[in-house]
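Coordinates from coords-v4.txt are shown below (compact mmCIF, C-alpha atoms).
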# COMPACT_ATOMS: atom_id res chain seq x y z
CA MET A 1 0.00 0.00 0.00
CA ASN A 2 1.45 3.34 -1.00
CA GLU A 3 0.33 6.90 -0.48
CA GLN A 4 -1.76 7.03 -3.67
CA GLN A 5 -3.70 3.93 -2.64
CA HIS A 6 -4.49 5.44 0.75
CA LEU A 7 -5.67 8.62 -0.91
CA ASP A 8 -7.85 6.57 -3.24
CA THR A 9 -9.31 4.70 -0.27
CA LEU A 10 -10.16 7.98 1.45
CA LYS A 11 -11.73 9.31 -1.74
CA ASP A 12 -13.76 6.11 -1.98
CA ILE A 13 -15.02 6.49 1.56
CA LYS A 14 -15.95 10.12 0.98
CA ARG A 15 -17.77 9.29 -2.24
CA ILE A 16 -19.72 6.40 -0.69
CA MET A 17 -20.70 8.47 2.34
CA GLU A 18 -21.95 11.27 0.11
CA ARG A 19 -23.72 8.96 -2.29
CA SER A 20 -25.50 7.14 0.53
CA THR A 21 -26.89 10.35 2.04
CA ARG A 22 -27.47 12.64 -0.93
CA PHE A 23 -29.22 12.12 -4.23
CA MET A 24 -26.77 13.79 -6.60
CA SER A 25 -28.37 13.00 -9.95
CA LEU A 26 -30.78 15.95 -9.85
CA SER A 27 -30.25 17.62 -13.20
CA GLY A 28 -29.78 21.34 -13.83
CA LEU A 29 -31.35 20.98 -17.27
CA GLY A 30 -34.45 19.60 -15.55
CA GLY A 31 -34.57 22.81 -13.52
CA VAL A 32 -34.38 24.86 -16.73
CA GLY A 33 -37.21 22.78 -18.23
CA ALA A 34 -39.37 23.22 -15.13
CA GLY A 35 -38.69 26.97 -15.19
CA LEU A 36 -39.62 27.27 -18.86
CA SER A 37 -42.88 25.42 -18.31
CA GLY A 38 -43.56 27.78 -15.37
CA LEU A 39 -42.99 30.82 -17.57
CA ILE A 40 -45.16 29.48 -20.40
CA GLY A 41 -47.91 28.72 -17.88
CA ALA A 42 -47.66 32.22 -16.41
CA TRP A 43 -47.91 33.71 -19.90
CA PHE A 44 -51.12 31.76 -20.63
CA ALA A 45 -52.55 32.65 -17.22
CA HIS A 46 -51.78 36.30 -17.87
CA GLY A 47 -53.62 36.13 -21.20
CA ILE A 48 -56.69 34.56 -19.62
CA LEU A 49 -56.72 37.14 -16.82
CA GLU A 50 -56.40 39.99 -19.30
CA ASP A 51 -59.33 38.63 -21.35
CA TYR A 52 -61.40 38.39 -18.20
CA ARG A 53 -60.49 41.92 -17.22
CA ALA A 54 -61.43 43.23 -20.66
CA SER A 55 -64.89 41.61 -20.65
CA ALA A 56 -65.94 41.53 -17.00
CA GLY A 57 -64.01 44.39 -15.45
CA SER A 58 -62.78 44.10 -11.91
CA PRO A 59 -60.74 40.98 -11.45
CA PHE A 60 -60.80 39.28 -8.09
CA LEU A 61 -57.09 39.60 -7.58
CA TYR A 62 -57.33 43.20 -6.39
CA ASN A 63 -60.14 42.59 -3.94
CA GLY A 64 -57.90 42.32 -0.91
CA GLY A 65 -57.41 38.69 -1.85
CA HIS A 66 -61.02 37.89 -1.10
CA TYR A 67 -63.86 37.54 -3.57
CA GLU A 68 -67.50 36.77 -2.98
CA SER A 69 -67.49 33.58 -4.99
CA GLY A 70 -70.58 32.28 -6.74
CA SER A 71 -70.41 34.08 -10.07
CA PRO A 72 -70.14 31.39 -12.77
CA ASP A 73 -67.67 33.55 -14.69
CA VAL A 74 -65.25 33.61 -11.81
CA ASN A 75 -65.62 29.88 -11.22
CA LEU A 76 -64.81 29.26 -14.87
CA LEU A 77 -61.80 31.55 -14.66
CA VAL A 78 -60.52 29.71 -11.57
CA LEU A 79 -61.06 26.38 -13.29
CA LYS A 80 -59.04 27.54 -16.32
CA LEU A 81 -56.22 28.78 -14.10
CA LEU A 82 -56.19 25.51 -12.15
CA LEU A 83 -55.95 23.57 -15.43
CA ILE A 84 -52.97 25.69 -16.46
CA ALA A 85 -51.38 25.07 -13.06
CA ALA A 86 -51.89 21.31 -13.48
CA ALA A 87 -50.34 21.41 -16.96
CA VAL A 88 -47.34 23.38 -15.64
CA LEU A 89 -46.88 20.87 -12.83
CA ALA A 90 -47.06 17.95 -15.27
CA GLY A 91 -44.62 19.66 -17.65
CA ALA A 92 -42.18 20.50 -14.85
CA LEU A 93 -42.29 16.99 -13.39
CA THR A 94 -41.85 15.37 -16.81
CA THR A 95 -38.84 17.45 -17.90
CA GLY A 96 -37.35 17.35 -14.40
CA SER A 97 -37.56 13.57 -14.10
CA TYR A 98 -36.48 12.97 -17.70
CA PHE A 99 -33.22 14.93 -17.33
CA THR A 100 -32.62 13.47 -13.87
CA TRP A 101 -33.16 9.96 -15.23
CA ARG A 102 -30.73 10.76 -18.05
CA LYS A 103 -28.09 12.09 -15.68
CA ALA A 104 -28.42 9.08 -13.34
CA ARG A 105 -27.99 6.77 -16.32
CA GLN A 106 -24.90 8.66 -17.48
CA GLN A 107 -23.45 8.38 -13.97
CA GLY A 108 -24.39 4.69 -13.85
CA LEU A 109 -26.39 5.25 -10.66
CA PRO A 110 -29.84 3.90 -9.78
CA ILE A 111 -32.52 6.58 -10.15
CA TRP A 112 -34.76 5.17 -7.43
CA ASP A 113 -32.73 4.39 -4.33
CA ALA A 114 -32.89 5.21 -0.62
CA THR A 115 -31.68 8.79 -1.18
CA ALA A 116 -34.19 9.46 -3.98
CA ARG A 117 -36.95 8.21 -1.66
CA LYS A 118 -35.78 10.61 1.06
CA VAL A 119 -35.83 13.55 -1.38
CA VAL A 120 -39.34 12.72 -2.56
CA ILE A 121 -40.74 12.20 0.96
CA ASN A 122 -39.14 15.37 2.29
CA LEU A 123 -40.49 17.37 -0.65
CA ALA A 124 -43.91 15.77 -0.44
CA VAL A 125 -44.73 16.43 3.21
CA PRO A 126 -44.67 20.26 3.07
CA LEU A 127 -46.12 20.22 -0.46
CA VAL A 128 -49.13 18.07 0.47
CA ALA A 129 -49.77 20.12 3.60
CA GLY A 130 -49.49 23.30 1.52
CA GLY A 131 -51.68 21.80 -1.20
CA PHE A 132 -54.56 21.19 1.21
CA PHE A 133 -54.07 24.62 2.75
CA ILE A 134 -54.33 26.21 -0.72
CA LEU A 135 -57.38 24.09 -1.60
CA GLY A 136 -58.99 25.47 1.55
CA MET A 137 -58.20 29.01 0.41
CA ILE A 138 -59.68 28.37 -3.03
CA TYR A 139 -62.77 26.88 -1.39
CA ASN A 140 -63.17 30.02 0.71
CA GLY A 141 -62.48 32.41 -2.15
CA PHE A 142 -59.09 33.73 -1.02
CA TYR A 143 -57.68 33.58 -4.54
CA GLY A 144 -55.16 36.34 -4.01
CA PHE A 145 -53.22 34.24 -1.52
CA ILE A 146 -52.75 31.25 -3.82
CA ALA A 147 -49.51 32.41 -5.46
CA PRO A 148 -47.83 33.58 -2.23
CA ALA A 149 -48.83 30.35 -0.43
CA CYS A 150 -47.53 28.21 -3.32
CA LEU A 151 -44.17 29.97 -3.14
CA VAL A 152 -43.83 29.78 0.65
CA PHE A 153 -44.75 26.09 0.92
CA TYR A 154 -42.61 25.18 -2.09
CA GLY A 155 -39.68 27.04 -0.56
CA LEU A 156 -40.09 25.19 2.74
CA ALA A 157 -40.28 21.88 0.85
CA LEU A 158 -37.01 22.67 -0.95
CA ILE A 159 -35.23 23.66 2.27
CA ASN A 160 -36.45 20.40 3.81
CA ALA A 161 -35.32 18.23 0.88
CA SER A 162 -31.98 19.99 0.32
CA LYS A 163 -30.44 17.92 3.13
CA PHE A 164 -30.71 14.87 0.90
CA THR A 165 -29.68 16.27 -2.47
CA MET A 166 -27.71 19.20 -3.91
CA PRO A 167 -26.97 21.51 -0.95
CA GLU A 168 -27.49 24.50 -3.28
CA LEU A 169 -31.21 23.72 -3.35
CA ARG A 170 -31.39 25.25 0.10
CA TYR A 171 -30.78 28.73 -1.32
CA VAL A 172 -33.48 28.20 -3.94
CA GLY A 173 -35.78 27.35 -1.02
CA PHE A 174 -34.89 30.55 0.82
CA THR A 175 -35.44 32.58 -2.35
CA GLU A 176 -38.89 31.04 -2.98
CA CYS A 177 -39.93 31.64 0.64
CA LEU A 178 -38.77 35.25 0.48
CA LEU A 179 -40.63 35.86 -2.81
CA GLY A 180 -43.74 34.26 -1.30
CA ILE A 181 -43.57 36.46 1.78
CA ILE A 182 -43.11 39.63 -0.30
CA ALA A 183 -46.02 38.53 -2.53
CA THR A 184 -48.22 38.19 0.58
CA PHE A 185 -47.93 41.94 1.03
CA LEU A 186 -48.41 42.77 -2.66
CA LEU A 187 -51.50 40.71 -3.39
CA GLY A 188 -52.27 42.12 -6.82
CA TYR A 189 -48.95 40.91 -8.21
CA GLY A 190 -49.35 37.20 -7.44
CA LEU A 191 -48.82 36.09 -11.01
CA PHE A 192 -45.71 38.23 -11.38
CA PHE A 193 -44.12 36.67 -8.28
CA TRP A 194 -45.30 33.24 -9.37
CA ALA A 195 -43.51 33.67 -12.71
CA LEU A 196 -40.43 35.00 -10.95
CA GLY A 197 -40.30 32.15 -8.40
CA PHE A 198 -41.34 29.18 -10.49
CA GLY A 199 -39.96 30.43 -13.80
CA LEU A 200 -36.87 32.61 -13.48
CA VAL A 201 -35.50 31.19 -10.22
CA HIS A 202 -35.70 27.63 -11.61
CA ILE A 203 -34.00 28.61 -14.86
CA LEU A 204 -31.26 30.50 -13.04
CA TYR A 205 -30.68 27.62 -10.61
CA GLY A 206 -30.74 25.08 -13.44
CA VAL A 207 -28.15 26.97 -15.48
CA ILE A 208 -25.86 27.37 -12.45
CA MET A 209 -26.15 23.67 -11.56
CA TRP A 210 -25.56 22.66 -15.14
CA TRP A 211 -22.52 24.93 -15.34
CA LYS A 212 -21.15 23.60 -12.05
CA TYR A 213 -21.78 19.86 -12.34
CA GLU A 214 -22.87 18.77 -15.80
CA ARG A 215 -21.10 20.89 -18.40
CA ALA A 216 -18.86 18.71 -20.53
CA PRO A 217 -15.28 19.09 -19.28
CA GLN A 218 -13.59 21.81 -21.31
CA ALA A 219 -10.26 21.24 -22.98
CA ALA A 220 -8.61 24.21 -21.30
CA MET B 1 6.81 4.24 15.17
CA ASN B 2 5.09 2.57 12.29
CA PRO B 3 1.60 3.82 11.49
CA ILE B 4 0.80 0.72 9.43
CA GLU B 5 0.18 -1.16 12.68
CA ASN B 6 -2.87 0.97 13.32
CA LEU B 7 -4.56 0.08 10.05
CA ASN B 8 -7.45 -2.28 10.64
CA LYS B 9 -7.01 -5.59 8.81
CA LEU B 10 -10.77 -6.03 8.56
CA PHE B 11 -11.05 -2.89 6.46
CA GLU B 12 -8.59 -4.00 3.83
CA SER B 13 -11.56 -5.23 1.82
CA ARG B 14 -13.11 -2.38 -0.19
CA ILE B 15 -16.57 -3.85 0.30
CA ARG B 16 -16.29 -4.04 4.08
CA LEU B 17 -14.92 -0.49 4.12
CA GLY B 18 -17.81 0.56 1.86
CA VAL B 19 -20.39 -1.02 4.19
CA MET B 20 -18.89 0.81 7.14
CA SER B 21 -18.84 4.12 5.20
CA VAL B 22 -22.53 3.79 4.38
CA LEU B 23 -23.51 2.82 7.93
CA MET B 24 -21.49 5.68 9.43
CA VAL B 25 -23.84 8.22 7.84
CA SER B 26 -27.18 6.36 7.77
CA GLU B 27 -28.88 4.92 10.84
CA GLU B 28 -30.34 1.79 9.31
CA VAL B 29 -29.75 0.46 5.83
CA SER B 30 -31.41 -2.54 4.21
CA PHE B 31 -29.54 -5.33 2.46
CA ASN B 32 -30.89 -4.28 -0.92
CA ASP B 33 -29.92 -0.64 -0.50
CA LEU B 34 -26.40 -1.67 0.51
CA LYS B 35 -26.23 -3.92 -2.51
CA ALA B 36 -27.27 -1.11 -4.85
CA MET B 37 -24.93 1.46 -3.30
CA LEU B 38 -21.85 -0.78 -3.37
CA ASP B 39 -22.70 -2.56 -6.60
CA VAL B 40 -21.93 -6.10 -5.38
CA THR B 41 -23.57 -9.52 -5.65
CA ASP B 42 -25.79 -11.01 -2.92
CA GLY B 43 -23.36 -13.73 -1.86
CA ASN B 44 -20.36 -11.44 -1.77
CA LEU B 45 -22.13 -8.81 0.32
CA ALA B 46 -23.61 -11.42 2.70
CA SER B 47 -20.23 -12.94 3.50
CA HIS B 48 -18.64 -9.56 4.19
CA LEU B 49 -21.61 -8.55 6.35
CA SER B 50 -21.31 -11.68 8.46
CA THR B 51 -17.60 -11.03 8.99
CA LEU B 52 -18.41 -7.54 10.24
CA GLU B 53 -21.18 -8.92 12.43
CA GLU B 54 -18.89 -11.56 13.97
CA ASN B 55 -16.53 -8.77 14.96
CA ALA B 56 -19.44 -6.85 16.51
CA TYR B 57 -18.87 -3.88 14.21
CA ILE B 58 -22.44 -3.99 12.91
CA LYS B 59 -25.84 -5.06 14.25
CA VAL B 60 -28.39 -7.00 12.25
CA HIS B 61 -32.11 -6.37 12.63
CA LYS B 62 -34.49 -8.85 11.11
CA GLY B 63 -37.93 -7.40 10.56
CA PHE B 64 -40.91 -7.74 8.28
CA VAL B 65 -42.43 -5.50 5.66
CA GLY B 66 -45.82 -7.12 5.24
CA ARG B 67 -44.89 -10.75 4.86
CA LYS B 68 -41.50 -10.23 3.29
CA THR B 69 -38.47 -10.35 5.53
CA ASN B 70 -36.62 -7.08 5.70
CA THR B 71 -33.10 -7.24 7.10
CA THR B 72 -31.46 -3.97 8.05
CA TYR B 73 -28.01 -3.19 9.36
CA SER B 74 -26.65 -0.51 11.66
CA ILE B 75 -23.24 0.32 13.06
CA THR B 76 -22.25 -0.46 16.68
CA LYS B 77 -20.25 1.78 19.01
CA ALA B 78 -17.29 -0.57 18.55
CA GLY B 79 -17.68 -0.39 14.78
CA GLU B 80 -17.74 3.39 14.81
CA LYS B 81 -14.59 3.48 16.96
CA ALA B 82 -12.81 0.99 14.69
CA PHE B 83 -13.76 2.91 11.55
CA LYS B 84 -12.62 6.25 12.97
CA GLY B 85 -9.39 4.63 14.13
CA HIS B 86 -8.82 3.27 10.63
CA LEU B 87 -9.39 6.70 9.07
CA ALA B 88 -6.98 8.29 11.55
CA ALA B 89 -4.39 5.63 10.67
CA LEU B 90 -4.84 6.29 6.95
CA GLU B 91 -4.36 9.99 7.56
CA ALA B 92 -1.24 9.34 9.61
CA MET B 93 0.09 7.08 6.85
CA ILE B 94 -0.26 9.82 4.26
CA LYS B 95 1.42 12.40 6.47
CA PHE B 96 4.16 9.87 7.32
CA THR B 97 5.01 9.20 3.67
CA GLN B 98 4.92 12.83 2.60

Please express the file's structure as structure tokens.
Amino acid sequence: MNEQQHLDTLKDIKRIMERSTRFMSLSGLGGVGAGLSGLIGAWFAHGILEDYRASAGSPFLYNGGHYESGSPDVNLLVLKLLLIAAAVLAGALTTGSYFTWRKARQQGLPIWDATARKVVINLAVPLVAGGFFILGMIYNGFYGFIAPACLVFYGLALINASKFTMPELRYVGFTECLLGIIATFLLGYGLFFWALGFGLVHILYGVIMWWKYERAPQAA
Amino acid sequence: MNPIENLNKLFESRIRLGVMSVLMVSEEVSFNDLKAMLDVTDGNLASHLSTLEENAYIKVHKGFVGRKTNTTYSITKAGEKAFKGHLAALEAMIKFTQ
């Protein structure tokens, strides 16, 4: 055994310890894809809201977050927005998991192991709690709070899950929480903050992660 | 003084060292998860695990998930001490040869 072998052994130990606690196959490109689908969704939502404003006047978003629900027009509008949200979620999950699957395969690692399970569970708990909370707000007509609540709960979920994957995800979590809190005090701009948090922040994070971990090694 | 003496013979096997590395950072790990993380065959892993168990470096818990048996492993105090001692010896070795 020489020095190089000992160094290799230590490197091995470090790698195994990291791999058994953190899911490192999360792909930056997946983040970019999720961000793009968020931006596209926000653009469609904006269009629908503008149409509604043009035909029916006062939109519910400026009503202090609360609207006396019951008007069929508003229910239809909410339904349309929820459908867009569902499509964005599906798009984000699909691109995110595709690129993550691809990266795991390139690294020769299993995509569904103990660490992946930990990431999913730790994301899911705050997200499900937040999801029911937001459903309650929709039920009671507090539409203005949907975007801020989405951002805050999503941020908390990311902070929670960052212990088991890329540590950088923690800062994304803080950013989303902060945006959500600011949005709580600027209720009319929910969609703007939503696009910022779910669109731009994801794209920015994805590009940084891609640059840091996935970019093909340069010749220089 | 020769630092080689402090290296633990049991950890000369990469697989045994790998098992200890995993168990140092996770409380309880199942046989299948260990197998996936270390990329080894059933028989190979089982024999290394029993060696570690005989030396009281790891504990075996046999449980059930539904009707299927679910065997998990965790590190003992002695195992933790031995692993840390081995790491310290490796470090000393590198400093010694530099």

*Best match for closeness to Gly35 in chain A among A:Gln4, A:Asn122, A:Thr95, A:Thr21, counting only C-alpha atoms*: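 Residue with the minimum atom-to-atom distance to Gly35 in chain A: A:Thr95.
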
* Long-range neighbours of His86 in chain B as number ranges by chain, 10 Å cut-off, only C-alpha atoms, 2 positions minimum in chain -> B: 6-12, 17, 80-84, 88-92

In terms of only C-alpha atoms, the residue from A:Tyr213, A:Phe164, A:Phe145, A:Trp194 at minimal distance from chain B is A:Phe164

Exercise for the section: Taking all atoms listed in the file into account, report as a PyMOL selection string which residues of chain B lie within 8 Å of chain A. Expected result: chain B and resi 17-18+21-22+24-26+33+36-38+87+90+93-94+97

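In this model, the gap between CA of Phe23 in chain A and CA of Glu214 in chain A comes to 14.8 Å.
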
Show me, as a PyMOL selection string, the residues that have an atom within 12 Å of Phe192 in chain A when counting all atoms listed in the file, minus same-chain residues fewer than 6 positions from it. chain A and resi 38-39+41-43+45-46+147-148+151+179-180+182-183+186+198-200

Computed gap from CA of Tyr98 in chain A to CA of Leu178 in chain A is 28.8 Å

List as JSON, numbers by chain the residues having at least one atom at most 12 Å from position (-39.7, 14.8, -15.7) as given in the file, counting all atoms listed in the file. {"A": [26, 27, 29, 30, 31, 32, 33, 34, 37, 88, 89, 90, 91, 92, 93, 94, 95, 96, 97, 98, 99, 100, 101, 102, 103]}

Counting all atoms listed in the file, closest pick from B:Lys77, B:Lys62, B:Arg16, B:Arg67 relative to Leu49 in chain B is B:Arg16

Practice task
For Phe133 in chain A, list every protein, DNA or RNA residue within 10 Å, evaluated using all atoms listed in the file, and leave out those in the same chain fewer than 4 positions away; present the list as a PyMOL selection string.
Solution key: chain A and resi 127-129+137-139+146+149-150+153

note - CA of Leu169 in chain A and CA of Gly131 in chain A are separated by 20.7 Å

Inset, instruction - Counting only C-alpha atoms, write as number ranges by chain all protein and nucleic acid residues lying at most 12 Å from (-59.0, 29.3, -11.4) in the file's frame. - result: A: 45-46, 48-49, 52, 59-61, 69, 72-86, 135, 137-139, 141-144, 146-147

Restricted to C-alpha atoms, what would the selected residues look like written as a short mmCIF file (atom, residue, chain, number, x, y, z; two decimals), keeping the file's coordinate frame?
data_model
loop_
_atom_site.label_atom_id
_atom_site.label_comp_id
_atom_site.auth_asym_id
_atom_site.auth_seq_id
_atom_site.Cartn_x
_atom_site.Cartn_y
_atom_site.Cartn_z
CA ALA A 45 -52.55 32.65 -17.22
CA HIS A 46 -51.78 36.30 -17.87
CA ILE A 48 -56.69 34.56 -19.62
CA LEU A 49 -56.72 37.14 -16.82
CA TYR A 52 -61.40 38.39 -18.20
CA PRO A 59 -60.74 40.98 -11.45
CA PHE A 60 -60.80 39.28 -8.09
CA LEU A 61 -57.09 39.60 -7.58
CA SER A 69 -67.49 33.58 -4.99
CA PRO A 72 -70.14 31.39 -12.77
CA ASP A 73 -67.67 33.55 -14.69
CA VAL A 74 -65.25 33.61 -11.81
CA ASN A 75 -65.62 29.88 -11.22
CA LEU A 76 -64.81 29.26 -14.87
CA LEU A 77 -61.80 31.55 -14.66
CA VAL A 78 -60.52 29.71 -11.57
CA LEU A 79 -61.06 26.38 -13.29
CA LYS A 80 -59.04 27.54 -16.32
CA LEU A 81 -56.22 28.78 -14.10
CA LEU A 82 -56.19 25.51 -12.15
CA LEU A 83 -55.95 23.57 -15.43
CA ILE A 84 -52.97 25.69 -16.46
CA ALA A 85 -51.38 25.07 -13.06
CA ALA A 86 -51.89 21.31 -13.48
CA LEU A 135 -57.38 24.09 -1.60
CA MET A 137 -58.20 29.01 0.41
CA ILE A 138 -59.68 28.37 -3.03
CA TYR A 139 -62.77 26.88 -1.39
CA GLY A 141 -62.48 32.41 -2.15
CA PHE A 142 -59.09 33.73 -1.02
CA TYR A 143 -57.68 33.58 -4.54
CA GLY A 144 -55.16 36.34 -4.01
CA ILE A 146 -52.75 31.25 -3.82
CA ALA A 147 -49.51 32.41 -5.46
#

Residues within 10 Å of Ala56 in chain B, all atoms listed in the file, excluding chain neighbours under 4 positions, as a VMD selection string:
chain B and resid 50 to 52 60 75 to 79
